[in-house]
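The structure under discussion appears below in the form of structure tokens.
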Number of protein chains: 2
Amino acid sequence: MHDFERKLITEWRRLELPVEGKIVVAVSGGADSVALLTALEKLSADGKINLDITAAHFNHRLRGDESDADEAFIRRLAASMEIPLAVGHMKGAGPGNLEQNARDARYDFLQSVSENINAFALATGHTLNDQAETFLQNLMRGSGLKGLGAMSPSRAFHDGGDEGGFLLVRPLLSWCLREETELYCLSRNIDFRYDSMNEDLRFNRVRIRKVLLPMLKDFNPQILQTLGRTAELIRSQNQGQPKVFEIPENPKVSELKIMAESDLETFLREWVGTRRGGLRGVGRAHITAIANLVRSEKSGRIVELPGNAKVVKNRGRLIYTVEMV
Amino acid sequence: MHDFERKLITEWRRLELPVEGKIVVAVSGGADSVALLTALEKLSADGKINLDITAAHFNHRLRGDESDADEAFIRRLAASMEIPLAVGHMKGAGPGNLEQNARDARYDFLQSVSENINAFALATGHTLNDQAETFLQNLMRGSGLKGLGAMSPSRAFHDGGDEGGFLLVRPLLSWCLREETELYCLSRNIDFRYDSMNEDLRFNRVRIRKVLLPMLKDFNPQILQTLGRTAELIRSQNQGQPKVFEIPENPKVSELKIMAESDLETFLREWVGTRRGGLRGVGRAHITAIANLVRSEKSGRIVELPGNAKVVKNRGRLIYTVEMV
């Protein structure tokens, strides 16, 4: 199995998505969506999953001949893969924001296709790059906590009615870099299209991608993953989900210091429990003492725990040690 | 009263800080802390507040003669203002991170000065620029929601003991641009010092200030305010405070769509209540119907409310109208 396909099916399981049934895959013609379509089809052909795939393409006609060439390309692609294809066209330009109208019309089309074939989900090829770009765009706009949650890898598609509906899934969103989709297409010998609007620096989105993100990469080579993870944290907090802490062996005091009171105590309980293999003999007073140690600006303090154990700060980290007797 | 002083006292009241008593002002010699010291002294001299100010300067000795010149400058400044001054010196370099050790030693010193004179607060001159830089630094580090809350304008200074303690206040943090502190010093004819390390692009912090933030300003001229407000939102959510919504006349559907279910209903209740002057006759079912309207991808839908009122979507916004009969 190709590495890309393995990662895709791992994410499919993580998101607890159905492994059989009807699904619509939105295909623009770019490497992202073409890679998603190709990999899902390959995984189905190999019997790893059992999806009944319909491709859907919406021709916005925003780029004249280029848009029509995209459509022709996708018609050939779907035919060669023997996948049914639904194509929609933009019907004239309504009043208001052109880009927003095009987006609305595309989602109206994708929704009607999904409903018509009674699909359990509509899948799009958004990648970690798209997620980081959305996060930054919303951050700079000041769109608040909801906007900083960026896109969800799997959510209910609300159609405003009371009945069922389907899922909107983005199985590349949480892990896949845009370049990985291009490499996958190349390795499977599948062609894809470039969108000339992706090079136009008049668009904020393109400047974020081409100018801002490369600069942020100078500060942190893993910036896409970092921003994606941050959006995920904010989304989970927006939804009021319980927090999940990573428990390092020697947590950094500077990171603990800025935690909210209750979070710090929850964290310390998990940390001490992990270090000791359980919380027997450790009470609230011990946890509070460690929290005070964390916040203390002074050095040289020690918190003693039952069983000759102690917690100290050393070089900015919290250390748990047991004295050998 | 100078505009800077008026804004400072407005923030002082917003933070509900005591207007009389002993306070320690940390002074580095830069425009930020010199402006804060000068304005607080002026406000006290004018009887607007009644603070008993002690200045405190910590000489890290990281920059040799420049550090000593800073100290000499502050000694002259405090003497000319007739403000008592406490000066501390870095005692040799311990093991570990130089910058972190210097910071720890500075806070140990500032804490002991505050405790010695029994001050109700320690005040620092951090500005909105510092806040935005801290936010971006933590964002790029991936330091999680606690780090994205950045600095607090007023919080308890924990010393690890059980007793009282004092406040750490940053009365310039939420509103004041660094350049405003320079302009204020100039207008009051007060000199200040430049820190040569602020020009050294080897420091991440300096690159954030000199390269990244100017680029972000191209996307949003108000980026400092936007990032400061975002940090505040995250801090308030970290602390589990109730959310406060701004209620625009015609809210953007795209912003409502990404709200969590319960937030959206809270928002819609406040919005409808504001539009109608109360919620009489409006039930849960009406609010749910508007929430469905928000999430609907279809256009042309209407939610009717008692009293010939209706809610529609138009050009991406929610509109409340009352039909004249």
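Ligands are numbered from 1 in the order shown, chains are lettered A, B, ... in the order of the structure tokens, and residues start at 1 in each chain.
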Taking a cut-off of 8 Å and counting only C-alpha atoms, can you build a table that, for each residue of chain A near chain B, reports the nearest atom pair and how far apart they are in Å (one decimal), sorted by chain then residue number, as JSON lines?
{"residue": "A:Gly96", "atom": "CA", "partner": "B:Arg315", "partner_atom": "CA", "distance": 6.3}
{"residue": "A:Asp104", "atom": "CA", "partner": "B:Glu297", "partner_atom": "CA", "distance": 7.0}
{"residue": "A:Tyr107", "atom": "CA", "partner": "B:Glu297", "partner_atom": "CA", "distance": 7.2}
{"residue": "A:Asp108", "atom": "CA", "partner": "B:Glu297", "partner_atom": "CA", "distance": 6.3}
{"residue": "A:Leu139", "atom": "CA", "partner": "B:Leu227", "partner_atom": "CA", "distance": 7.6}
{"residue": "A:Met140", "atom": "CA", "partner": "B:Asn220", "partner_atom": "CA", "distance": 6.4}
{"residue": "A:Arg141", "atom": "CA", "partner": "B:Asn220", "partner_atom": "CA", "distance": 7.1}
{"residue": "A:Gly142", "atom": "CA", "partner": "B:Thr226", "partner_atom": "CA", "distance": 5.4}
{"residue": "A:Ser143", "atom": "CA", "partner": "B:Glu255", "partner_atom": "CA", "distance": 7.5}
{"residue": "A:Gly144", "atom": "CA", "partner": "B:Thr230", "partner_atom": "CA", "distance": 6.4}
{"residue": "A:Leu145", "atom": "CA", "partner": "B:Leu233", "partner_atom": "CA", "distance": 7.3}
{"residue": "A:Lys146", "atom": "CA", "partner": "B:Met259", "partner_atom": "CA", "distance": 5.4}
{"residue": "A:Gly147", "atom": "CA", "partner": "B:Ile258", "partner_atom": "CA", "distance": 6.8}
{"residue": "A:His158", "atom": "CA", "partner": "B:Arg295", "partner_atom": "CA", "distance": 5.9}
{"residue": "A:Asp159", "atom": "CA", "partner": "B:Ser296", "partner_atom": "CA", "distance": 4.7}
{"residue": "A:Gly160", "atom": "CA", "partner": "B:Ser296", "partner_atom": "CA", "distance": 4.2}
{"residue": "A:Gly161", "atom": "CA", "partner": "B:Asn292", "partner_atom": "CA", "distance": 7.0}
{"residue": "A:Asn204", "atom": "CA", "partner": "B:Phe219", "partner_atom": "CA", "distance": 7.4}
{"residue": "A:Leu212", "atom": "CA", "partner": "B:Met215", "partner_atom": "CA", "distance": 7.6}
{"residue": "A:Met215", "atom": "CA", "partner": "B:Leu212", "partner_atom": "CA", "distance": 7.6}
{"residue": "A:Leu216", "atom": "CA", "partner": "B:Met140", "partner_atom": "CA", "distance": 7.4}
{"residue": "A:Phe219", "atom": "CA", "partner": "B:Met140", "partner_atom": "CA", "distance": 7.0}
{"residue": "A:Asn220", "atom": "CA", "partner": "B:Met140", "partner_atom": "CA", "distance": 6.4}
{"residue": "A:Ile223", "atom": "CA", "partner": "B:Met140", "partner_atom": "CA", "distance": 6.6}
{"residue": "A:Thr226", "atom": "CA", "partner": "B:Gly142", "partner_atom": "CA", "distance": 5.4}
{"residue": "A:Leu227", "atom": "CA", "partner": "B:Gly142", "partner_atom": "CA", "distance": 7.3}
{"residue": "A:Arg229", "atom": "CA", "partner": "B:Gly142", "partner_atom": "CA", "distance": 7.9}
{"residue": "A:Thr230", "atom": "CA", "partner": "B:Gly144", "partner_atom": "CA", "distance": 6.4}
{"residue": "A:Leu233", "atom": "CA", "partner": "B:Leu145", "partner_atom": "CA", "distance": 7.2}
{"residue": "A:Ile234", "atom": "CA", "partner": "B:Leu145", "partner_atom": "CA", "distance": 7.3}
{"residue": "A:Asn238", "atom": "CA", "partner": "B:Ala260", "partner_atom": "CA", "distance": 6.5}
{"residue": "A:Gln239", "atom": "CA", "partner": "B:Ala260", "partner_atom": "CA", "distance": 6.2}
{"residue": "A:Glu255", "atom": "CA", "partner": "B:Ser143", "partner_atom": "CA", "distance": 7.4}
{"residue": "A:Ile258", "atom": "CA", "partner": "B:Lys146", "partner_atom": "CA", "distance": 5.5}
{"residue": "A:Met259", "atom": "CA", "partner": "B:Lys146", "partner_atom": "CA", "distance": 5.3}
{"residue": "A:Ala260", "atom": "CA", "partner": "B:Gln239", "partner_atom": "CA", "distance": 6.2}
{"residue": "A:Asn292", "atom": "CA", "partner": "B:Gly160", "partner_atom": "CA", "distance": 4.5}
{"residue": "A:Leu293", "atom": "CA", "partner": "B:Gly160", "partner_atom": "CA", "distance": 5.9}
{"residue": "A:Val294", "atom": "CA", "partner": "B:Gly160", "partner_atom": "CA", "distance": 7.8}
{"residue": "A:Arg295", "atom": "CA", "partner": "B:Gly160", "partner_atom": "CA", "distance": 5.8}
{"residue": "A:Ser296", "atom": "CA", "partner": "B:Gly160", "partner_atom": "CA", "distance": 4.2}
{"residue": "A:Glu297", "atom": "CA", "partner": "B:Asp159", "partner_atom": "CA", "distance": 6.1}
{"residue": "A:Lys298", "atom": "CA", "partner": "B:Asp108", "partner_atom": "CA", "distance": 6.9}
{"residue": "A:Arg315", "atom": "CA", "partner": "B:Gly96", "partner_atom": "CA", "distance": 6.2}
* To do: Using only C-alpha atoms, determine which residues lie at most 10 Å from A:Ile83, disregarding the query and same-chain residues fewer than 6 positions distant; provide the list as a ChimeraX atom specification.
  => /A:37,41,52-55,75,77
Export, as a short mmCIF file (atom, residue, chain, number, x, y, z; two decimals), in the first residue's frame, the selected residues with N, CA and C atoms.
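Saved as again16.cif:
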data_model
loop_
_atom_site.label_atom_id
_atom_site.label_comp_id
_atom_site.auth_asym_id
_atom_site.auth_seq_id
_atom_site.Cartn_x
_atom_site.Cartn_y
_atom_site.Cartn_z
N LEU A 37 -9.48 11.55 -4.50
CA LEU A 37 -10.33 10.68 -5.32
C LEU A 37 -9.58 9.40 -5.69
N GLU A 41 -10.46 5.59 -4.36
CA GLU A 41 -10.81 4.59 -5.37
C GLU A 41 -9.88 3.38 -5.28
N ASP A 52 -18.74 3.43 -2.42
CA ASP A 52 -19.37 3.61 -3.73
C ASP A 52 -19.25 5.09 -4.06
N ILE A 53 -18.21 5.43 -4.86
CA ILE A 53 -17.81 6.82 -5.04
C ILE A 53 -18.49 7.50 -6.23
N THR A 54 -19.00 8.70 -6.00
CA THR A 54 -19.42 9.59 -7.08
C THR A 54 -18.54 10.84 -7.01
N ALA A 55 -17.96 11.21 -8.14
CA ALA A 55 -17.20 12.46 -8.18
C ALA A 55 -18.16 13.60 -8.53
N ARG A 75 -13.71 15.23 -16.63
CA ARG A 75 -14.57 14.28 -17.36
C ARG A 75 -13.72 13.09 -17.85
N LEU A 77 -10.80 12.13 -16.59
CA LEU A 77 -10.29 11.42 -15.41
C LEU A 77 -11.32 10.44 -14.87
#
* **DSSP helix (DSSP H, G or I) residues within stretch 36-211 of chain A, listed as number ranges by chain** => A: 36-45, 65-81, 98-116, 128-141, 144-148, 178-187, 196-199, 204-211
For stretch 184-198 of chain A, please output as a CSV table (one decimal) with N, CA and C atoms, in the first residue's frame all residues within 12 Å (counting only C-alpha atoms; exclusion window: fewer than 2 positions along the same chain).
chain,number,residue,atom,x,y,z
A,1,MET,N,0.9,-1.2,0.0
A,1,MET,CA,0.0,0.0,0.0
A,1,MET,C,0.9,1.2,0.0
A,2,HIS,N,0.5,2.2,-0.8
A,2,HIS,CA,1.3,3.5,-0.8
A,2,HIS,C,1.1,4.2,0.5
A,3,ASP,N,2.2,4.9,1.0
A,3,ASP,CA,2.2,5.6,2.2
A,3,ASP,C,1.0,6.6,2.4
A,4,PHE,N,0.7,7.2,1.3
A,4,PHE,CA,-0.4,8.2,1.3
A,4,PHE,C,-1.7,7.5,1.6
A,5,GLU,N,-1.9,6.3,1.0
A,5,GLU,CA,-3.1,5.6,1.2
A,5,GLU,C,-3.2,5.1,2.6
A,6,ARG,N,-2.0,4.6,3.1
A,6,ARG,CA,-2.0,4.1,4.5
A,6,ARG,C,-2.4,5.2,5.5
A,7,LYS,N,-1.8,6.4,5.3
A,7,LYS,CA,-2.1,7.6,6.2
A,7,LYS,C,-3.6,7.9,6.0
A,8,LEU,N,-4.1,7.9,4.8
A,8,LEU,CA,-5.5,8.2,4.6
A,8,LEU,C,-6.5,7.3,5.3
A,27,VAL,N,-14.3,17.3,-6.6
A,27,VAL,CA,-13.0,17.4,-7.3
A,27,VAL,C,-12.9,18.7,-8.1
A,28,SER,N,-11.9,19.5,-7.8
A,28,SER,CA,-11.7,20.7,-8.5
A,28,SER,C,-10.8,20.5,-9.7
A,29,GLY,N,-9.9,19.4,-9.6
A,29,GLY,CA,-9.0,19.2,-10.6
A,29,GLY,C,-7.5,19.4,-10.1
A,30,GLY,N,-7.4,20.1,-9.0
A,30,GLY,CA,-6.1,20.3,-8.3
A,30,GLY,C,-5.6,19.0,-7.7
A,31,ALA,N,-4.3,19.0,-7.4
A,31,ALA,CA,-3.7,17.8,-6.9
A,31,ALA,C,-4.4,17.3,-5.6
A,32,ASP,N,-4.9,18.2,-4.7
A,32,ASP,CA,-5.5,17.8,-3.5
A,32,ASP,C,-6.7,16.8,-3.7
A,33,SER,N,-7.6,17.3,-4.5
A,33,SER,CA,-8.9,16.6,-4.6
A,33,SER,C,-8.6,15.4,-5.6
A,34,VAL,N,-7.7,15.5,-6.6
A,34,VAL,CA,-7.5,14.4,-7.4
A,34,VAL,C,-6.8,13.3,-6.7
A,35,ALA,N,-5.9,13.6,-5.7
A,35,ALA,CA,-5.2,12.6,-4.9
A,35,ALA,C,-6.2,11.9,-4.0
A,36,LEU,N,-7.1,12.7,-3.4
A,36,LEU,CA,-8.1,12.1,-2.6
A,36,LEU,C,-9.0,11.1,-3.3
A,37,LEU,N,-9.5,11.6,-4.5
A,37,LEU,CA,-10.3,10.7,-5.3
A,37,LEU,C,-9.6,9.4,-5.7
A,38,THR,N,-8.3,9.6,-6.2
A,38,THR,CA,-7.5,8.4,-6.6
A,38,THR,C,-7.3,7.4,-5.5
A,39,ALA,N,-6.9,8.0,-4.3
A,39,ALA,CA,-6.6,7.1,-3.2
A,39,ALA,C,-7.8,6.4,-2.6
A,42,LYS,N,-8.6,3.7,-5.1
A,42,LYS,CA,-7.6,2.6,-5.0
A,42,LYS,C,-7.9,1.7,-3.8
A,62,LEU,N,-15.2,31.1,-13.6
A,62,LEU,CA,-14.6,32.3,-13.2
A,62,LEU,C,-13.3,32.6,-14.1
A,63,ARG,N,-12.8,31.5,-14.7
A,63,ARG,CA,-11.5,31.7,-15.4
A,63,ARG,C,-11.7,31.2,-16.9
A,64,GLY,N,-12.9,31.4,-17.4
A,64,GLY,CA,-13.1,31.2,-18.9
A,64,GLY,C,-12.7,29.9,-19.4
A,65,ASP,N,-11.8,29.9,-20.4
A,65,ASP,CA,-11.4,28.7,-21.0
A,65,ASP,C,-10.7,27.7,-20.0
A,66,GLU,N,-10.0,28.3,-19.1
A,66,GLU,CA,-9.2,27.5,-18.1
A,66,GLU,C,-10.2,26.7,-17.3
A,67,SER,N,-11.4,27.3,-16.9
A,67,SER,CA,-12.4,26.6,-16.2
A,67,SER,C,-13.0,25.4,-17.0
A,68,ASP,N,-13.2,25.7,-18.3
A,68,ASP,CA,-13.8,24.6,-19.1
A,68,ASP,C,-12.7,23.5,-19.4
A,69,ALA,N,-11.5,23.9,-19.4
A,69,ALA,CA,-10.4,22.9,-19.6
A,69,ALA,C,-10.3,22.0,-18.3
A,70,ASP,N,-10.6,22.6,-17.1
A,70,ASP,CA,-10.6,21.8,-15.9
A,70,ASP,C,-11.7,20.8,-16.0
A,71,GLU,N,-12.9,21.3,-16.4
A,71,GLU,CA,-14.1,20.4,-16.5
A,71,GLU,C,-13.8,19.2,-17.5
A,72,ALA,N,-13.2,19.5,-18.6
A,72,ALA,CA,-12.9,18.5,-19.6
A,72,ALA,C,-11.9,17.5,-19.0
A,73,PHE,N,-10.9,18.0,-18.3
A,73,PHE,CA,-9.9,17.2,-17.7
A,73,PHE,C,-10.6,16.2,-16.7
A,74,ILE,N,-11.5,16.7,-15.9
A,74,ILE,CA,-12.1,15.8,-14.9
A,74,ILE,C,-13.1,14.8,-15.5
A,76,ARG,N,-12.5,13.4,-18.4
A,76,ARG,CA,-11.7,12.3,-18.9
A,76,ARG,C,-11.2,11.5,-17.7
A,77,LEU,N,-10.8,12.1,-16.6
A,77,LEU,CA,-10.3,11.4,-15.4
A,77,LEU,C,-11.3,10.4,-14.9
A,78,ALA,N,-12.6,10.9,-14.7
A,78,ALA,CA,-13.6,10.1,-14.1
A,78,ALA,C,-13.9,8.9,-15.0
A,80,SER,N,-11.9,7.5,-17.2
A,80,SER,CA,-10.8,6.5,-17.1
A,80,SER,C,-10.8,5.7,-15.8
A,81,MET,N,-11.3,6.3,-14.8
A,81,MET,CA,-11.4,5.6,-13.5
A,81,MET,C,-12.8,4.8,-13.4
A,99,GLU,N,-16.9,36.0,-5.1
A,99,GLU,CA,-16.2,34.8,-4.6
A,99,GLU,C,-17.2,34.0,-3.7
A,176,CYS,N,-2.2,16.1,6.1
A,176,CYS,CA,-1.5,16.0,4.7
A,176,CYS,C,-1.1,17.3,4.2
A,177,LEU,N,0.2,17.4,3.8
A,177,LEU,CA,0.7,18.6,3.2
A,177,LEU,C,0.3,18.6,1.7
A,178,ARG,N,0.2,19.8,1.1
A,178,ARG,CA,-0.2,19.9,-0.3
A,178,ARG,C,0.8,19.2,-1.2
A,179,GLU,N,2.0,19.3,-0.9
A,179,GLU,CA,3.0,18.7,-1.7
A,179,GLU,C,2.9,17.2,-1.7
A,180,GLU,N,2.4,16.6,-0.6
A,180,GLU,CA,2.2,15.2,-0.6
A,180,GLU,C,1.2,14.7,-1.6
A,181,THR,N,0.2,15.6,-1.8
A,181,THR,CA,-0.9,15.2,-2.8
A,181,THR,C,-0.3,15.2,-4.2
A,182,GLU,N,0.6,16.2,-4.4
A,182,GLU,CA,1.3,16.2,-5.8
A,182,GLU,C,2.2,15.0,-6.0
A,200,ASP,N,-1.9,34.5,-8.0
A,200,ASP,CA,-2.3,36.0,-8.1
A,200,ASP,C,-2.1,36.6,-6.7
A,201,LEU,N,-1.0,37.4,-6.5
A,201,LEU,CA,-0.7,37.9,-5.2
A,201,LEU,C,-1.7,39.0,-4.8
A,202,ARG,N,-2.7,39.4,-5.6
A,202,ARG,CA,-3.7,40.3,-5.2
A,202,ARG,C,-4.6,39.7,-4.2
A,203,PHE,N,-4.7,38.4,-4.2
A,203,PHE,CA,-5.6,37.7,-3.2
A,203,PHE,C,-4.8,37.5,-1.9
A,204,ASN,N,-5.5,37.9,-0.8
A,204,ASN,CA,-4.9,37.7,0.5
A,204,ASN,C,-4.5,36.3,0.7
A,205,ARG,N,-5.3,35.4,0.3
A,205,ARG,CA,-5.1,33.9,0.5
A,205,ARG,C,-3.7,33.5,-0.2
A,206,VAL,N,-3.5,34.1,-1.4
A,206,VAL,CA,-2.3,33.7,-2.1
A,206,VAL,C,-1.0,34.3,-1.4
A,207,ARG,N,-1.2,35.6,-0.9
A,207,ARG,CA,-0.1,36.2,-0.1
A,207,ARG,C,0.2,35.5,1.2
A,208,ILE,N,-0.8,35.0,1.8
A,208,ILE,CA,-0.6,34.1,3.0
A,208,ILE,C,0.2,32.9,2.7
A,209,ARG,N,-0.1,32.3,1.5
A,209,ARG,CA,0.5,31.0,1.1
A,209,ARG,C,2.0,31.3,0.7
A,210,LYS,N,2.1,32.3,-0.1
A,210,LYS,CA,3.4,32.5,-0.9
A,210,LYS,C,4.4,33.4,-0.1
* Per DSSP on the backbone, filter stretch 139-202 of chain B down to the residues in strand (DSSP E or B) and report them as a list in words. => Ser154, Arg155, Ala156, Phe157, Phe166, Leu167, Leu168 and Val169 of chain B
* To do: Excluding A:Leu110 and residues on its chain fewer than 2 positions from it, collect all residues at most 8 Å away from it, counting only C-alpha atoms, and give them as a list of chain:residue names.
  =>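 Those residues are A:Ala26, A:Ala56, A:Phe58, A:Arg106, A:Tyr107, A:Asp108, A:Ser112, A:Val113, A:Ser114, A:Leu122.
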What would the file look like if the residues just selected were written as an mmCIF file, in the first residue's frame with all heavy atoms?
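Result went into result.cif, see below:
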data_model
loop_
_atom_site.group_PDB
_atom_site.id
_atom_site.type_symbol
_atom_site.label_atom_id
_atom_site.label_comp_id
_atom_site.auth_asym_id
_atom_site.auth_seq_id
_atom_site.Cartn_x
_atom_site.Cartn_y
_atom_site.Cartn_z
ATOM 1 N N ALA A 26 -15.753 15.791 -3.842
ATOM 2 C CA ALA A 26 -15.697 17.038 -4.599
ATOM 3 C C ALA A 26 -14.327 17.144 -5.269
ATOM 4 O O ALA A 26 -13.300 17.037 -4.598
ATOM 5 C CB ALA A 26 -15.924 18.230 -3.670
ATOM 6 N N ALA A 56 -17.872 14.792 -8.001
ATOM 7 C CA ALA A 56 -18.703 15.965 -8.322
ATOM 8 C C ALA A 56 -17.798 17.150 -8.604
ATOM 9 O O ALA A 56 -16.878 17.440 -7.834
ATOM 10 C CB ALA A 56 -19.648 16.276 -7.167
ATOM 11 N N PHE A 58 -17.828 21.297 -9.824
ATOM 12 C CA PHE A 58 -18.610 22.501 -10.097
ATOM 13 C C PHE A 58 -17.749 23.470 -10.902
ATOM 14 O O PHE A 58 -16.669 23.865 -10.462
ATOM 15 C CB PHE A 58 -19.069 23.154 -8.792
ATOM 16 C CG PHE A 58 -20.065 24.252 -9.013
ATOM 17 C CD1 PHE A 58 -21.361 23.958 -9.451
ATOM 18 C CD2 PHE A 58 -19.725 25.577 -8.797
ATOM 19 C CE1 PHE A 58 -22.285 24.968 -9.665
ATOM 20 C CE2 PHE A 58 -20.648 26.592 -9.012
ATOM 21 C CZ PHE A 58 -21.932 26.294 -9.442
ATOM 22 N N ARG A 106 -21.457 26.525 -5.330
ATOM 23 C CA ARG A 106 -20.761 25.237 -5.336
ATOM 24 C C ARG A 106 -21.312 24.326 -4.241
ATOM 25 O O ARG A 106 -21.621 23.170 -4.487
ATOM 26 C CB ARG A 106 -19.249 25.451 -5.125
ATOM 27 C CG ARG A 106 -18.472 24.135 -5.178
ATOM 28 C CD ARG A 106 -16.959 24.351 -5.158
ATOM 29 N NE ARG A 106 -16.431 24.742 -3.858
ATOM 30 C CZ ARG A 106 -15.894 25.914 -3.557
ATOM 31 N NH1 ARG A 106 -15.792 26.837 -4.484
ATOM 32 N NH2 ARG A 106 -15.441 26.166 -2.350
ATOM 33 N N TYR A 107 -21.475 24.883 -3.041
ATOM 34 C CA TYR A 107 -21.975 24.034 -1.949
ATOM 35 C C TYR A 107 -23.435 23.634 -2.171
ATOM 36 O O TYR A 107 -23.832 22.525 -1.829
ATOM 37 C CB TYR A 107 -21.747 24.695 -0.586
ATOM 38 C CG TYR A 107 -20.379 24.337 -0.040
ATOM 39 C CD1 TYR A 107 -19.308 25.212 -0.145
ATOM 40 C CD2 TYR A 107 -20.151 23.085 0.525
ATOM 41 C CE1 TYR A 107 -18.044 24.860 0.323
ATOM 42 C CE2 TYR A 107 -18.896 22.722 0.991
ATOM 43 C CZ TYR A 107 -17.853 23.617 0.892
ATOM 44 O OH TYR A 107 -16.611 23.257 1.347
ATOM 45 N N ASP A 108 -24.250 24.526 -2.766
ATOM 46 C CA ASP A 108 -25.626 24.139 -3.120
ATOM 47 C C ASP A 108 -25.609 22.933 -4.048
ATOM 48 O O ASP A 108 -26.367 21.972 -3.863
ATOM 49 C CB ASP A 108 -26.346 25.309 -3.821
ATOM 50 C CG ASP A 108 -26.938 26.298 -2.823
ATOM 51 O OD1 ASP A 108 -26.933 25.997 -1.605
ATOM 52 O OD2 ASP A 108 -27.407 27.366 -3.257
ATOM 53 N N SER A 112 -26.834 19.099 -3.289
ATOM 54 C CA SER A 112 -27.918 18.434 -4.020
ATOM 55 C C SER A 112 -27.450 17.093 -4.591
ATOM 56 O O SER A 112 -28.200 16.121 -4.583
ATOM 57 C CB SER A 112 -28.485 19.354 -5.109
ATOM 58 O OG SER A 112 -27.542 19.503 -6.143
ATOM 59 N N VAL A 113 -26.189 17.035 -5.041
ATOM 60 C CA VAL A 113 -25.665 15.754 -5.534
ATOM 61 C C VAL A 113 -25.654 14.730 -4.394
ATOM 62 O O VAL A 113 -26.100 13.585 -4.556
ATOM 63 C CB VAL A 113 -24.238 15.906 -6.114
ATOM 64 C CG1 VAL A 113 -23.648 14.543 -6.494
ATOM 65 C CG2 VAL A 113 -24.230 16.839 -7.312
ATOM 66 N N SER A 114 -25.164 15.143 -3.227
ATOM 67 C CA SER A 114 -25.071 14.228 -2.081
ATOM 68 C C SER A 114 -26.449 13.728 -1.671
ATOM 69 O O SER A 114 -26.637 12.551 -1.358
ATOM 70 C CB SER A 114 -24.396 14.935 -0.894
ATOM 71 O OG SER A 114 -23.131 15.428 -1.283
ATOM 72 N N LEU A 122 -20.046 13.916 2.096
ATOM 73 C CA LEU A 122 -19.379 14.656 1.031
ATOM 74 C C LEU A 122 -17.939 14.846 1.492
ATOM 75 O O LEU A 122 -17.704 15.330 2.600
ATOM 76 C CB LEU A 122 -20.054 16.022 0.855
ATOM 77 C CG LEU A 122 -19.321 17.065 0.021
ATOM 78 C CD1 LEU A 122 -19.213 16.625 -1.437
ATOM 79 C CD2 LEU A 122 -20.046 18.428 0.113
#
